[in-house]
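Remarks on the structure that follows.
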Amino acid sequence: MEWKDLLCERLLSSTSEQSEDASLLQCVCYGLGHFESCVSARFQLAMLLLLLETLQIPVSSCCVYDPVFSPSECDALKELGFTVLTENEEGKRAVYQPTLFYLMHCGKALYNNLLWRNWTPRTLQKMTIIGNSFNGIQERMLQRELERDYSFLSRMIGVCEETPLSCSSRFLDVFNDTALIQFPLENLNKLPECTWTEPSEPLYQHCQDLEIIQREKD
């Protein structure tokens with residue numbers, strides 16, 4: 001209920017400011033995991049359904065993908081009404097309208113790829129993330145490695161607006177270190193103009209543990 005009150009206040013109001021039709025808001029969920037066998041993943045799926053209901057986003061307007069999904073899990077998601085993606089986007093999804101990304105305990109590269117793909121102030125402001133705390137990521141990494149390997153994520157830490165989402169002790173392993181992350185245009189515009197010049201696609205040449213499953217190369 002605390003999440004519901006906070007998200008209604010922050011997301012429904014911000015959506016109405018960006019678009020006259022709040023129903024245009026979409027949702028993308030990556031990295032849900034094996035919810036057939038994993039209790040934590042089932043709780044995260046249940047929370048996603050509650051969020052969609054609260055924010056008045058049709059389940060059919062929510063795309064879900066995890067390369068580990070089994071055929072039966074894909075069938076179950078389709079039965080629930082979700083749009084199940086068939087391609088591993090590695091998080092590189094372009095945003096064209098206000099979109100909620102539900103990224104529970106996803107790898108840093110996925111966040112970095114998502115930011116890279118939408119690396120303009122006008123596009124980033126349309127994104128809202130419920131997922132790993134960016135501040136928490138920074139606290140657990142050496143700053144030089146964060147800047148070298150996840151430069152887009154690193155540059156957003158100082159300008160994004162992060163609101164911690166409370167977590168009871170019962171669900172600590174499910175929703176710990178979760179935050180609502182938004183990208184206010186006024187904050188993005190404070191960065192130097194050169195920040196946005198021809199960003200190079202991340203390659204992760206120095207990362208030994210990338211934390212995401214990359215798509216197979218042709």
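Following the order of the structure tokens, first chain is A, next is B, and so on, with residues numbered from 1 inside each chain and ligands from 1 in the order they appear.
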Write out as an mmCIF file with C-alpha atoms, in the first residue's frame each polymer residue whose atoms come within 7 Å of region 184-199 of chain A, counting only C-alpha atoms; drop sequence neighbours fewer than 2 positions from it.
data_model
loop_
_atom_site.group_PDB
_atom_site.id
_atom_site.type_symbol
_atom_site.label_atom_id
_atom_site.label_comp_id
_atom_site.auth_asym_id
_atom_site.auth_seq_id
_atom_site.Cartn_x
_atom_site.Cartn_y
_atom_site.Cartn_z
ATOM 1 C CA TRP A 119 20.522 9.059 -24.650
ATOM 2 C CA THR A 120 18.766 12.409 -25.152
ATOM 3 C CA PRO A 121 17.139 14.570 -22.461
ATOM 4 C CA GLN A 125 12.491 12.131 -19.303
ATOM 5 C CA VAL A 159 20.975 13.876 -12.051
ATOM 6 C CA CYS A 160 18.263 11.228 -11.775
ATOM 7 C CA GLN A 182 12.952 9.281 -12.788
ATOM 8 C CA GLU A 201 27.393 1.666 -27.978
#
- Task: Could you give me, as a list in words, the residues within 12 Å of Thr123 (chain A), counting only C-alpha atoms and dropping anything in the same chain fewer than 6 positions from it?
- Result: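 My reading of the contact set: Gln18, Arg93, Ala94, Val95, Tyr96, Gln97, Pro98, Thr99, Leu114, Leu115, Trp116, Arg117, Gln182, Phe183, Pro184, Leu185, Leu188 and Trp196 of chain A.
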- Query: Out of region 97-209 of chain A, which residues get helix (DSSP H, G or I) from DSSP, as a VMD selection string?
  - Reply: chain A and resid 108 to 117 121 to 124 134 to 139 143 to 149 151 to 157 169 to 175 185 to 188 193 to 196
- Between CA of Leu153 (chain A) and CA of Lys108 (chain A), what is the distance, to one decimal in Å?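 Computed distance, CA of Leu153 (chain A) to CA of Lys108 (chain A), equals 8.0 Å.
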- Message: I need the strand (DSSP E) residues of chain A per DSSP on the backbone, written as a ChimeraX atom specification.
- Response: /A:26-30,62-65,83-84,99-103,127-132,161-164,178-182
- Item | Close residues, Phe43 (chain A) itself excluded, 9 Å, only C-alpha atoms, min 6 positions apart in chain, as a list in words | Phe35, Phe171 and Val174 of chain A
Export N, CA, C and O atoms of the chosen residues as a PDB file, in the first residue's frame?
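What ended up in selection_2.pdb:
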ATOM      1  N   PHE A  35       9.703 -17.949 -12.705  1.00  0.00           N
ATOM      2  CA  PHE A  35       8.655 -17.830 -11.693  1.00  0.00           C
ATOM      3  C   PHE A  35       7.935 -19.151 -11.435  1.00  0.00           C
ATOM      4  O   PHE A  35       7.201 -19.286 -10.457  1.00  0.00           O
ATOM      5  N   PHE A 171       9.875  -9.683   2.816  1.00  0.00           N
ATOM      6  CA  PHE A 171      10.177  -9.699   1.381  1.00  0.00           C
ATOM      7  C   PHE A 171      11.559  -9.118   1.079  1.00  0.00           C
ATOM      8  O   PHE A 171      11.794  -8.615  -0.019  1.00  0.00           O
ATOM      9  N   VAL A 174      13.267 -10.222  -1.952  1.00  0.00           N
ATOM     10  CA  VAL A 174      12.484 -10.014  -3.171  1.00  0.00           C
ATOM     11  C   VAL A 174      12.578  -8.574  -3.663  1.00  0.00           C
ATOM     12  O   VAL A 174      12.781  -8.317  -4.853  1.00  0.00           O
TER      13      VAL A 174
END
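Residue nearest Phe134 (chain A), chosen from A:Ala41, A:Leu103, A:Ala179, A:Ala109 and counting only C-alpha atoms: A:Ala179.
For the pair CA of Ser151 (chain A) and CA of Gly91 (chain A), the interatomic distance is 15.3 Å.
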- Query: Smallest atom-to-atom distance to Ile129 (chain A): which of A:Phe101, A:Tyr204, A:Tyr150, A:Phe69, using only C-alpha atoms?
  - Reply: A:Phe101
